[in-house]
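Trainee: Questions regarding the structure given below will be posed in turn.
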Amino acid sequence: MKNLRLVTRPSQQLQLQLDGETLVASAFDAERRRAFFASSANFIYTVNLPTTSALGQQPLQWSKFSTPNSDVEEVVLDPGDCIVAMDYLMERESLLLGSSAGCLLLYNVEEKTTQVVGRLEGGVSTIASSPDGALISVTTGFGQLLVITQDWEVLFETSLDPQNAGPDEIDSSGGQIQSAISWRGDGKFFATLGGCSDPTKLIIWERESGKVHSSSDTKTFMGPSLDWMPSGAKVATAHDRRTEGKCPLIVFYEKNGLERSYFPVDEPAEAAIQGLKWNCNSELLAALVSSCQYDVIKIWSCSNNHWYLKHELRYAKKEGVKFSWDPTKPLHLICWTLGGQVIMHRFAWTTAVTETSIALVIDGSRIHVTPLNLGLVPPPMSLFHLAFPCAVNEVSFVSNNMKNHLAAYLSNGSLCVVELPAADTWEEFEGNGISVEPCCSDFTLDNCMHLTWIDTRTLISICCYSDYSTLMRSSETSNHVDRHDSLFFVNEIELKCSEDSLPGSVSSSGWQARVSNKMNLDSSVVGVCQNSAKKGSAFIQFSGGRVVEYCSSLNLLRMCAPAQLIDVSSDYGFPASCPWMNVVLCHDNGTVKPLLFGLDDSSKLYMGQRLLSNNCSSFTFYSSAYGATERVMTHLLVTTKQDLLFIVDVNNILLKNGEVIIDSHVSSHPRGNQSKEHITVWEKGAKLVGVLHGDEAAVIMQTIRGNLECTYPRKLVLVSIVQALVQRRFRDAMDMVRRHRIDFNIMVDYCGWNVFVKSAADFVKQVNNLSHITEFVCSIKNDNVSSKLYTAYISFPDQCATLTADTESLLGSFIGNKVTSVLMAIRKALEEEIEESPSRELCILTTLARSEPPLLEEALSRIKTIRELELLGLDDARRKLYPSAEESLKHLLWLTEPEAVFSAALGLYDLNLTAIVALNSQKDPKEFLPFLKSLESLPSAIMRYKIDLRLGRYDSALKNIVSAGDEYHEECMKLLIANPQLFPLALQLFTDPDKRHQILEAWADHLSEEKCFGDAALTYQCCSSYQKSLKAYRACGDWRGVFMVAGLLKLKDEEIVQLAHELCDEFQELGKPGDAARIALEYCSDVDRGVSYYITAREWEEALRVAFMRSRQDLVETVRAAALECAASLISEYQEGLLKVGKYVARYVAVRQRRLSLAAKLQSEDRFMDVEDDNISEVSTSFSEMSAYTTRSTKESSASVISSTASKSRGARRQKKGGKIRAGSPGEEMALVEHLKGMALTGSAQKELKSLLVALLQLGKEEIARQVQQAADSFEVSQRAAVKLAEDTVSDNKIDENAHTLEHYVRLLRAEEPGYSEETASWRIRALSPP
């Protein structure tokens, strides 16, 4: 679905040297882009073909009509002899000329010299060199074929007709034999046509041997029309059918001489095909057809095995036009006339799909029309077609106010206009053909290009003067020089319809056209696009990328120079000529403005001056707007040469200031690898032809073969769904979610479930399809599924907002549960918005079953109600509004686990309903019937109790067993003992004091078993069990509670003293000498024993206080001796710890330095550069396990991997056991660091140290105290410095031998804390600090 658009038509007039001189032959130099023309007067004209610069920043050289001087040189031949054929030999940089008298001449283009290289009898007919330039094939007028080398050696010579023995058998009295030669692209074969009259056979020759490889059946071929497709697939020829009264056929042959396919030429029977030419990429076939009135060049393209006539170029018979394709540029067609006018036609493929997704495919005199939003019709078929009087060259379409207008420019210069109704009514035209009549006008559009609507009644077109001499004469008579300073001008055409059009009808006749404005241009035009933002306006792009705006209302051109367009038009104009230009409306900072996008010949996509992609093959736009009057584009779609499809949000492009290279990361995602940033195109070479906007969210691509493929990119689909959700179009959103298999949770998650529940009524009302709602209900999950699945495609809004008061009242106790909250809102909306019906009841049951947790009791209650109605036997209207109980139950069982439904039915204490559930859930009657019968025989309270026990509802079971009476009190106590959590409830249910005491004692026994002795002791006291309370206090070590309970028991003094002695021994064994000392002093009055316990507890100050309080000097001396002994021990421990800190730090630094040097060595040898991707993680793990003394190769083997796994297991076991530090182990560094951290002084150690220092000072041992404090201070500072050193180096890749030392960090630490901070002053005494 593409059309061939004429981009520009530069021309040049050769200054022929003689009157009556005509051009007879041509040749092309592809390397230096030159064309050579030989004239009937034996002049050689050299013309430089128009080119664009490498960057496309310069306009075409032939943009003005002024004729540059051509290089002209005369070739001297014998009188009466003339040039009839020539070809360019690239290696020799010379032209090989053939004359009518049989001379072969080599003309050196640079030196302007001529050399005769051979003479042939019968004259030269054709010359054709092989594609590699090594061989030259020549045919003569006598029908001889010669193949010669560039050294002019004849490889072989034979007759064009193999049945003729040689040139002696040819009647030379007759006319010249017409012949044609065409080489295959690889040069291994060539084809010929030739004969005494019309050629009758196509012959395929072998290059090396000169033998006939194959030949066709005898046919009447039309003249020398022959060309072998450059790709080598087929040979194009023309069949003459004038004897049958039919038009000519273009027939394709294979290498084996068999006919492959054909198609007719839509011309009168007397028309003759004078030439056939393929373009250089075998995509287009052009034919020169001569009829009685005119000569026409027809251009076809094949798609889906159908040949489309895409363009026609008509010329007058007197001009004697000839043509050839550019040898390197596939869409450049070069035409020349006998009078010396050379025209370059530059074409471009454009999509036949309009912005409104309507396909308008040109095929000769027809336009195939297909609205893609109604259906994808595979080409060449279409919904209907428009028939025109002659071939259509260009078509333009505009849609406005429910009407569509189509304008077509025909090859005869006529203009046709059609008015069509709204596209959604076109189904009635299916299969029909609508004839269109030309407009009534007093002008013809000669050489028209870029036909564009600027209003529903106004067209503009770019035209060029067809006759150079006419233009010169008009310029001589003009008063203003600038009025004719270009070959190009703008025609503004005003349209009127004289016939009244009925709504829904087609207006294809009665149109009148007149030129309302004509304006000359100063350069050739590359593209024209309507400015949708302004009525009667269009953007015109000149060669080189310069853009101007045409305004119909002012009839002037307002130049859009970059310096004058600061904000509004800063994006206008391109850095290079962009034959593919598009103007779209986009939102920019809240305003709608037009943006210009262009694609140049080097695959660079621009937005104005900004480069968006340097690898673009096609692009189009998508609009997510729904129901908008003006279509604002939201996404840019781009395909690249690597067959990747990118979908870019236009807002992202506008927000970025610099250049946005869409395909900058293509190299990191080669073809075949999936990525969410792009889509891999399924078939190589497929290009974008159009999209379906809005909710359709479809992208239409066409393959090289011609097939149409419609895809729905996930990103566009999600954008459409989000757009529908924002606009509260729940039905459309639901349809898209179901059609494209999107997770249903997006409908809840995008705006947040707390917002969705408030719109649940609208959701149910709009969807209005209970099966769809049921499907939605079954898919809802508690997690925010959508944000996890689709966050790479769309951005989700912030959903952290708090719930409103209305939402809280609506949700009640289910706040925070997404599934239950949403389903409850849906259930409420179903009851309010949907009429009662069996389907509605089943949907409500679904919402109950899918809640989390499932509300099965409520669901079964609704089923129970239905069952009760059935049992009543009423056949009223209300009964018909519900499904049967069996159907409802089966539906519930299908949604939920049958066992859960059985338990829920049992929990309703309805044994009949439970039996029905069991039967429908396919339970074995032998299993459930005895159980239900046993329950049925029990009293009601006991039945409920048994059911509650089975379901684990112990609170309800306790209530039921209590209500059963006192005879079940023992069973009640067993229940409490088995379920201790029921004790608080039991105390509420029982009021009898004896039973309460029994329950409390049982609870206290349970607490004692659970080792909760403190709570057990208090609970025993509540039920007056003091002896058990005493034991509980002793078990928990609460001596105060013991003596308090002893007082309640009113024990004697001797019993209390005995109890105190027992407690002293117990607390001493438990490691609580401090508590034992207090008991000995307070209850045993044993001072010696109390002071001894205080010394054991290292509570020096308390021991000294008691000794002084009792005036016991002997005890003071005992305390002094013990304190001195403890001080000496601590000094020794701190000194030993200081040495250990130094050793650990030295070891840590050595291990760390060794590891870093080993890592640097491995990196320098690039050990990891050759590691495969799949092994990187394994090698990294292996390297992390290497210690400073590990000698291990980086080459892995199965044994080393197994050993590595075993070592990991052993390491895990060592960590659990807390083993020692092992030198050379993988975890040695971190073990050293953790050990250094564990050497810090604990809080209890600091408290004991402070108490000892105070006691030593009080005993007059100041010097000993100072020594202890200095030793502890040195140890603590060194330990903290070591930890800081390790923390600083563990993440550093370099060890500084001077800076990373323990002494350096000790100095830093003391410098940072010159005084006593809160941390360091917790145990230190200022009086003992050094000066």
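Identifiers in the structure tokens: chain A, B, ... in order shown; residue index from 1 per chain; ligand index from 1 in order shown.
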Can you tell me which residues surround Val436 of chain A at a distance of at most 7 Å, considering only C-alpha atoms, apart from same-chain residues fewer than 2 positions away, and format the answer as a list in words?
Mentor: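 Surrounding residues, per the criterion: Leu386, Ala387, Phe388, Cys416, Ile434, Pro438, Ser508 and Ser509 of chain A.
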Trainee: Neighbours of Ile916 of chain A within 12 Å (only C-alpha atoms; same-chain residues fewer than 4 positions away dropped), as a VMD selection string?
Mentor: chain A and resid 860 863 to 864 867 885 to 890 893 898 901 to 902 905 to 906 910 to 912 920 to 923 925 928 to 929 932
Trainee: Please dump the current selection as a compact mmCIF listing (two decimals), in the first residue's frame; keep N, CA, C and O atoms.
Mentor:
```
# COMPACT_ATOMS: atom_id res chain seq x y z
N LEU A 860 -23.12 -19.33 51.08
CA LEU A 860 -24.00 -20.45 51.38
C LEU A 860 -25.32 -20.00 51.97
O LEU A 860 -26.37 -20.64 51.77
N ILE A 863 -27.45 -19.28 49.07
CA ILE A 863 -27.91 -20.54 48.47
C ILE A 863 -28.99 -21.19 49.35
O ILE A 863 -29.96 -21.76 48.84
N LYS A 864 -28.82 -21.08 50.65
CA LYS A 864 -29.80 -21.64 51.58
C LYS A 864 -31.15 -20.95 51.40
O LYS A 864 -32.22 -21.59 51.43
N ARG A 867 -32.71 -22.31 48.34
CA ARG A 867 -33.21 -23.67 48.62
C ARG A 867 -34.52 -23.63 49.40
O ARG A 867 -35.44 -24.43 49.14
N ALA A 885 -30.84 -23.92 43.39
CA ALA A 885 -29.86 -24.08 44.46
C ALA A 885 -28.73 -25.00 44.02
O ALA A 885 -27.56 -24.78 44.37
N GLU A 886 -29.07 -26.02 43.25
CA GLU A 886 -28.03 -26.95 42.77
C GLU A 886 -27.05 -26.24 41.84
O GLU A 886 -25.83 -26.41 41.94
N GLU A 887 -27.59 -25.43 40.91
CA GLU A 887 -26.72 -24.69 39.99
C GLU A 887 -25.84 -23.71 40.76
O GLU A 887 -24.64 -23.57 40.47
N SER A 888 -26.42 -23.02 41.73
CA SER A 888 -25.64 -22.06 42.52
C SER A 888 -24.54 -22.76 43.29
O SER A 888 -23.40 -22.28 43.36
N LEU A 889 -24.89 -23.92 43.86
CA LEU A 889 -23.89 -24.66 44.64
C LEU A 889 -22.77 -25.19 43.76
O LEU A 889 -21.59 -25.13 44.12
N LYS A 890 -23.13 -25.70 42.59
CA LYS A 890 -22.08 -26.17 41.66
C LYS A 890 -21.18 -25.03 41.21
O LYS A 890 -19.98 -25.20 41.06
N LEU A 893 -18.85 -24.37 44.07
CA LEU A 893 -17.84 -25.42 44.16
C LEU A 893 -16.81 -25.33 43.05
O LEU A 893 -15.64 -25.68 43.24
N PRO A 898 -13.66 -27.63 47.22
CA PRO A 898 -14.86 -28.28 47.80
C PRO A 898 -14.77 -28.49 49.30
O PRO A 898 -15.78 -28.38 50.01
N VAL A 901 -15.80 -25.35 51.05
CA VAL A 901 -17.25 -25.14 51.01
C VAL A 901 -17.94 -26.09 51.98
O VAL A 901 -18.91 -25.72 52.68
N PHE A 902 -17.47 -27.33 52.05
CA PHE A 902 -18.04 -28.30 53.00
C PHE A 902 -17.88 -27.81 54.43
O PHE A 902 -18.82 -27.87 55.24
N ALA A 905 -20.28 -24.89 55.05
CA ALA A 905 -21.66 -25.36 55.24
C ALA A 905 -21.82 -25.99 56.62
O ALA A 905 -22.85 -25.80 57.29
N LEU A 906 -20.82 -26.73 57.02
CA LEU A 906 -20.86 -27.33 58.36
C LEU A 906 -20.87 -26.24 59.42
O LEU A 906 -21.52 -26.37 60.47
N ASP A 910 -26.07 -26.37 59.51
CA ASP A 910 -27.18 -26.89 58.70
C ASP A 910 -26.72 -28.21 58.11
O ASP A 910 -26.01 -28.25 57.10
N LEU A 911 -27.14 -29.31 58.73
CA LEU A 911 -26.65 -30.62 58.31
C LEU A 911 -27.22 -31.01 56.95
O LEU A 911 -26.54 -31.70 56.17
N ASN A 912 -28.43 -30.60 56.64
CA ASN A 912 -28.99 -30.91 55.32
C ASN A 912 -28.20 -30.21 54.21
O ASN A 912 -27.89 -30.81 53.17
N ASN A 920 -22.60 -32.95 46.03
CA ASN A 920 -22.21 -32.24 44.81
C ASN A 920 -20.70 -32.10 44.67
O ASN A 920 -20.22 -31.79 43.58
N SER A 921 -19.97 -32.26 45.76
CA SER A 921 -18.51 -32.19 45.68
C SER A 921 -17.88 -33.57 45.54
O SER A 921 -16.68 -33.73 45.73
N GLN A 922 -18.74 -34.58 45.23
CA GLN A 922 -18.30 -35.94 44.93
C GLN A 922 -17.57 -36.58 46.10
O GLN A 922 -16.60 -37.32 45.94
N LYS A 923 -18.02 -36.30 47.32
CA LYS A 923 -17.49 -36.99 48.49
C LYS A 923 -18.12 -38.38 48.60
O LYS A 923 -19.25 -38.61 48.15
N PRO A 925 -20.17 -41.06 50.23
CA PRO A 925 -21.22 -41.07 51.27
C PRO A 925 -20.85 -41.90 52.48
O PRO A 925 -21.32 -41.63 53.59
N PHE A 928 -19.03 -39.28 54.88
CA PHE A 928 -19.67 -38.14 55.52
C PHE A 928 -21.05 -38.45 56.13
O PHE A 928 -21.47 -37.78 57.07
N LEU A 929 -21.73 -39.46 55.62
CA LEU A 929 -23.07 -39.74 56.16
C LEU A 929 -23.01 -40.22 57.62
O LEU A 929 -23.78 -39.73 58.46
N LEU A 932 -22.36 -37.15 59.76
CA LEU A 932 -23.50 -36.25 59.89
C LEU A 932 -24.60 -36.86 60.75
O LEU A 932 -25.27 -36.15 61.52
```
Trainee: As an exercise, work out the distance from atom CA of Val506 of chain A to atom CA of Val418 of chain A in Å and give it to one decimal place.
Mentor: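 So the two atoms, atom CA of Val506 of chain A and atom CA of Val418 of chain A, lie 7.1 Å apart.
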Trainee: If I take atom CA of His693 of chain A and atom CA of Pro713 of chain A, how far is one from the other in Å, to one decimal?
Mentor: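 Separation between atom CA of His693 of chain A and atom CA of Pro713 of chain A: 12.4 Å.
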Trainee: Just want the 12 Å neighbourhood of Leu789 of chain A, counted on only C-alpha atoms, with same-chain residues fewer than 2 positions away dropped. Output as a short mmCIF file (atom, residue, chain, number, x, y, z; two decimals) with N, CA and C atoms, in the first residue's frame.
Mentor:
```cif
data_model
loop_
_atom_site.label_atom_id
_atom_site.label_comp_id
_atom_site.auth_asym_id
_atom_site.auth_seq_id
_atom_site.Cartn_x
_atom_site.Cartn_y
_atom_site.Cartn_z
N LYS A 676 11.98 -4.63 25.67
CA LYS A 676 10.77 -3.84 25.83
C LYS A 676 10.93 -2.45 25.23
N ARG A 714 2.20 -3.67 22.53
CA ARG A 714 1.73 -3.64 23.91
C ARG A 714 1.70 -2.21 24.44
N LYS A 715 2.67 -1.40 24.05
CA LYS A 715 2.72 -0.03 24.57
C LYS A 715 1.52 0.77 24.13
N LEU A 718 -1.68 -0.43 25.89
CA LEU A 718 -1.77 0.03 27.27
C LEU A 718 -2.09 1.52 27.33
N ILE A 742 -4.73 -8.47 28.27
CA ILE A 742 -4.03 -7.70 29.29
C ILE A 742 -4.56 -8.13 30.66
N ASP A 743 -3.69 -8.06 31.65
CA ASP A 743 -4.11 -8.43 33.00
C ASP A 743 -5.24 -7.50 33.46
N PHE A 744 -6.33 -8.10 33.94
CA PHE A 744 -7.49 -7.31 34.37
C PHE A 744 -7.15 -6.37 35.51
N ASN A 745 -6.10 -6.65 36.24
CA ASN A 745 -5.77 -5.83 37.40
C ASN A 745 -5.40 -4.40 37.01
N ILE A 746 -5.07 -4.16 35.74
CA ILE A 746 -4.70 -2.80 35.34
C ILE A 746 -5.89 -1.86 35.50
N ASP A 749 -5.55 -1.18 39.24
CA ASP A 749 -4.27 -0.71 39.76
C ASP A 749 -3.85 0.65 39.21
N TYR A 750 -4.31 1.02 38.01
CA TYR A 750 -3.76 2.23 37.41
C TYR A 750 -4.09 3.47 38.26
N ASP A 783 -1.98 -8.16 45.02
CA ASP A 783 -0.77 -7.43 44.68
C ASP A 783 -1.05 -6.43 43.57
N ASN A 784 -0.18 -5.42 43.48
CA ASN A 784 -0.25 -4.46 42.38
C ASN A 784 0.43 -5.11 41.16
N VAL A 785 -0.31 -5.99 40.52
CA VAL A 785 0.25 -6.80 39.44
C VAL A 785 0.64 -5.94 38.25
N SER A 786 -0.20 -4.99 37.91
CA SER A 786 0.00 -4.22 36.68
C SER A 786 1.29 -3.41 36.72
N SER A 787 1.59 -2.81 37.87
CA SER A 787 2.81 -1.99 37.93
C SER A 787 4.06 -2.84 37.77
N THR A 791 5.25 -1.68 33.89
CA THR A 791 5.93 -0.43 34.24
C THR A 791 6.94 -0.02 33.17
N ALA A 792 7.39 -0.98 32.34
CA ALA A 792 8.33 -0.64 31.27
C ALA A 792 7.63 0.03 30.09
N TYR A 793 6.31 -0.06 30.02
CA TYR A 793 5.58 0.50 28.88
C TYR A 793 4.90 1.83 29.22
N ILE A 794 4.33 1.92 30.41
CA ILE A 794 3.62 3.14 30.80
C ILE A 794 4.02 3.49 32.22
N SER A 795 3.80 4.73 32.58
CA SER A 795 4.09 5.19 33.94
C SER A 795 2.79 5.21 34.73
N PHE A 796 2.87 4.73 35.96
CA PHE A 796 1.70 4.68 36.82
C PHE A 796 1.70 5.88 37.74
#
```
Trainee: I'd like the contact shell of Val689 of chain A - 10 Å cut-off, only C-alpha atoms, skipping same-chain residues fewer than 3 positions apart - returned as a list in words.
Mentor: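 The residues satisfying every condition are Met1, Lys2, Thr350, Thr351, Ala352, Val353, Thr354, Ser357, Ala359, Ser618, Phe619, Thr620, Ala686, Val699, Ile700, Met701, Gln702, Thr703, Leu708 and Glu709 of chain A.
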Trainee: Write to file, as a PDB file, in the first residue's frame, the residues of the selection just made, with N, CA, C and O atoms.
Mentor:
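Writing done, so here's out19.pdb:
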```
ATOM      1  N   MET A   1       0.838  -1.190   0.000  1.00  0.00           N
ATOM      2  CA  MET A   1       0.000   0.000   0.000  1.00  0.00           C
ATOM      3  C   MET A   1       0.875   1.242   0.000  1.00  0.00           C
ATOM      4  O   MET A   1       1.060   1.894   1.015  1.00  0.00           O
ATOM      5  N   LYS A   2       1.411   1.508  -1.172  1.00  0.00           N
ATOM      6  CA  LYS A   2       2.248   2.684  -1.327  1.00  0.00           C
ATOM      7  C   LYS A   2       2.060   3.225  -2.736  1.00  0.00           C
ATOM      8  O   LYS A   2       1.693   2.499  -3.667  1.00  0.00           O
ATOM      9  N   THR A 350       5.681   6.716  -1.126  1.00  0.00           N
ATOM     10  CA  THR A 350       4.946   7.243   0.023  1.00  0.00           C
ATOM     11  C   THR A 350       3.827   6.280   0.369  1.00  0.00           C
ATOM     12  O   THR A 350       3.308   5.559  -0.485  1.00  0.00           O
ATOM     13  N   THR A 351       3.467   6.250   1.623  1.00  0.00           N
ATOM     14  CA  THR A 351       2.387   5.368   2.048  1.00  0.00           C
ATOM     15  C   THR A 351       1.067   5.806   1.436  1.00  0.00           C
ATOM     16  O   THR A 351       0.792   6.999   1.292  1.00  0.00           O
ATOM     17  N   ALA A 352       0.279   4.820   1.050  1.00  0.00           N
ATOM     18  CA  ALA A 352      -1.038   5.112   0.483  1.00  0.00           C
ATOM     19  C   ALA A 352      -2.109   5.240   1.550  1.00  0.00           C
ATOM     20  O   ALA A 352      -3.280   5.434   1.222  1.00  0.00           O
ATOM     21  N   VAL A 353      -1.731   5.146   2.818  1.00  0.00           N
ATOM     22  CA  VAL A 353      -2.678   5.226   3.924  1.00  0.00           C
ATOM     23  C   VAL A 353      -2.671   6.650   4.464  1.00  0.00           C
ATOM     24  O   VAL A 353      -1.622   7.196   4.809  1.00  0.00           O
ATOM     25  N   THR A 354      -3.825   7.244   4.536  1.00  0.00           N
ATOM     26  CA  THR A 354      -3.944   8.620   5.005  1.00  0.00           C
ATOM     27  C   THR A 354      -3.871   8.680   6.522  1.00  0.00           C
ATOM     28  O   THR A 354      -3.829   7.655   7.211  1.00  0.00           O
ATOM     29  N   SER A 357      -6.450   6.701   8.352  1.00  0.00           N
ATOM     30  CA  SER A 357      -6.384   5.248   8.163  1.00  0.00           C
ATOM     31  C   SER A 357      -7.232   4.775   6.995  1.00  0.00           C
ATOM     32  O   SER A 357      -7.900   3.746   7.064  1.00  0.00           O
ATOM     33  N   ALA A 359      -6.845   3.710   3.008  1.00  0.00           N
ATOM     34  CA  ALA A 359      -5.859   3.356   1.986  1.00  0.00           C
ATOM     35  C   ALA A 359      -6.365   3.783   0.619  1.00  0.00           C
ATOM     36  O   ALA A 359      -7.477   3.420   0.212  1.00  0.00           O
ATOM     37  N   SER A 618      11.312   3.938   7.926  1.00  0.00           N
ATOM     38  CA  SER A 618       9.963   4.468   7.737  1.00  0.00           C
ATOM     39  C   SER A 618       9.468   4.991   9.075  1.00  0.00           C
ATOM     40  O   SER A 618       9.972   4.599  10.135  1.00  0.00           O
ATOM     41  N   PHE A 619       8.477   5.879   9.010  1.00  0.00           N
ATOM     42  CA  PHE A 619       7.922   6.420  10.247  1.00  0.00           C
ATOM     43  C   PHE A 619       6.466   6.819  10.023  1.00  0.00           C
ATOM     44  O   PHE A 619       6.041   7.087   8.890  1.00  0.00           O
ATOM     45  N   THR A 620       5.724   6.842  11.101  1.00  0.00           N
ATOM     46  CA  THR A 620       4.346   7.296  11.077  1.00  0.00           C
ATOM     47  C   THR A 620       3.976   7.740  12.487  1.00  0.00           C
ATOM     48  O   THR A 620       4.815   7.698  13.389  1.00  0.00           O
ATOM     49  N   ALA A 686      10.179  -5.104   6.116  1.00  0.00           N
ATOM     50  CA  ALA A 686       8.812  -4.598   6.265  1.00  0.00           C
ATOM     51  C   ALA A 686       8.845  -3.145   6.729  1.00  0.00           C
ATOM     52  O   ALA A 686       9.690  -2.755   7.527  1.00  0.00           O
ATOM     53  N   VAL A 699      -0.880  -1.220  14.444  1.00  0.00           N
ATOM     54  CA  VAL A 699       0.179  -0.775  13.540  1.00  0.00           C
ATOM     55  C   VAL A 699       0.140  -1.681  12.315  1.00  0.00           C
ATOM     56  O   VAL A 699       0.170  -2.913  12.447  1.00  0.00           O
ATOM     57  N   ILE A 700       0.058  -1.066  11.142  1.00  0.00           N
ATOM     58  CA  ILE A 700      -0.042  -1.817   9.887  1.00  0.00           C
ATOM     59  C   ILE A 700       1.276  -1.689   9.154  1.00  0.00           C
ATOM     60  O   ILE A 700       1.759  -0.580   8.889  1.00  0.00           O
ATOM     61  N   MET A 701       1.863  -2.828   8.827  1.00  0.00           N
ATOM     62  CA  MET A 701       3.125  -2.867   8.099  1.00  0.00           C
ATOM     63  C   MET A 701       2.944  -3.710   6.845  1.00  0.00           C
ATOM     64  O   MET A 701       2.103  -4.617   6.794  1.00  0.00           O
ATOM     65  N   GLN A 702       3.742  -3.380   5.844  1.00  0.00           N
ATOM     66  CA  GLN A 702       3.695  -4.129   4.585  1.00  0.00           C
ATOM     67  C   GLN A 702       5.066  -4.714   4.307  1.00  0.00           C
ATOM     68  O   GLN A 702       6.089  -4.027   4.389  1.00  0.00           O
ATOM     69  N   THR A 703       5.079  -5.993   4.000  1.00  0.00           N
ATOM     70  CA  THR A 703       6.339  -6.669   3.715  1.00  0.00           C
ATOM     71  C   THR A 703       6.767  -6.380   2.286  1.00  0.00           C
ATOM     72  O   THR A 703       6.023  -5.795   1.486  1.00  0.00           O
ATOM     73  N   LEU A 708       0.056  -7.508   3.974  1.00  0.00           N
ATOM     74  CA  LEU A 708      -0.224  -6.578   5.060  1.00  0.00           C
ATOM     75  C   LEU A 708      -0.227  -7.340   6.375  1.00  0.00           C
ATOM     76  O   LEU A 708      -0.830  -8.404   6.486  1.00  0.00           O
ATOM     77  N   GLU A 709       0.438  -6.790   7.350  1.00  0.00           N
ATOM     78  CA  GLU A 709       0.477  -7.386   8.681  1.00  0.00           C
ATOM     79  C   GLU A 709       0.022  -6.336   9.688  1.00  0.00           C
ATOM     80  O   GLU A 709       0.542  -5.217   9.698  1.00  0.00           O
TER      81      GLU A 709
END
```
Trainee: In terms of the shortest atom-to-atom distance over only C-alpha atoms, which of A:Asn979, A:Gln988, A:Gln609, A:Ser1029 is closest to Phe574 of chain A?
Mentor: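 Looking only at the distances to Phe574 of chain A, the closest residue turns out to be A:Gln609.
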Trainee: I need the residues in segment 680-800 of chain A that are alpha helix (DSSP H) according to DSSP; give them as a PyMOL selection string.
Mentor: chain A and resi 714-726+730-739+746-749+753-756+760-767+770-779+785-790
Trainee: Write out as JSON lines a residue-level contact list of segment 1224-1264 of chain A versus segment 1141-1148 of chain A with cut-off 10 Å: for each qualifying residue the closest pair of atoms and the distance in Å to one decimal, counting only C-alpha atoms, rows sorted by chain and residue number upward.
Mentor:
```
{"residue": "A:Glu1228", "atom": "CA", "partner": "A:Tyr1148", "partner_atom": "CA", "distance": 8.2}
{"residue": "A:Glu1229", "atom": "CA", "partner": "A:Tyr1148", "partner_atom": "CA", "distance": 6.0}
{"residue": "A:Met1230", "atom": "CA", "partner": "A:Tyr1148", "partner_atom": "CA", "distance": 8.9}
{"residue": "A:Ala1231", "atom": "CA", "partner": "A:Tyr1148", "partner_atom": "CA", "distance": 9.4}
{"residue": "A:Leu1232", "atom": "CA", "partner": "A:Tyr1148", "partner_atom": "CA", "distance": 6.5}
{"residue": "A:Val1233", "atom": "CA", "partner": "A:Tyr1148", "partner_atom": "CA", "distance": 7.8}
{"residue": "A:His1235", "atom": "CA", "partner": "A:Tyr1144", "partner_atom": "CA", "distance": 8.6}
{"residue": "A:Leu1236", "atom": "CA", "partner": "A:Val1141", "partner_atom": "CA", "distance": 7.0}
{"residue": "A:Met1239", "atom": "CA", "partner": "A:Val1141", "partner_atom": "CA", "distance": 8.5}
```
Trainee: Quick one: everything within 9 Å of segment 325-332 of chain A, counting only C-alpha atoms, minus sequence neighbours fewer than 6 positions away in the same chain. Send it as a list in words.
Mentor: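 The residues satisfying every condition are Phe28, Asp29, Ala30, Glu31, Arg33, Lys277, Trp278, Asn279, Cys280, Asn281, Ser282, Glu283, Leu284, Ala286, Met344, His345, Arg346, Phe347, Ala348 and Trp349 of chain A.
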Trainee: Leaving out Val528 of chain A and any residue of its chain fewer than 6 positions from it, which residues lie within 7 Å of it when counting only C-alpha atoms, given as a short mmCIF file (atom, residue, chain, number, x, y, z; two decimals) with C-alpha atoms, in the first residue's frame?
Mentor:
```cif
data_model
loop_
_atom_site.label_atom_id
_atom_site.label_comp_id
_atom_site.auth_asym_id
_atom_site.auth_seq_id
_atom_site.Cartn_x
_atom_site.Cartn_y
_atom_site.Cartn_z
CA HIS A 450 2.67 17.80 -4.58
CA THR A 452 -2.27 19.16 -1.42
CA ALA A 538 0.61 24.76 4.04
CA PHE A 539 4.32 24.21 4.55
CA ILE A 540 6.50 24.04 1.45
CA GLN A 541 9.95 22.48 1.63
#
```
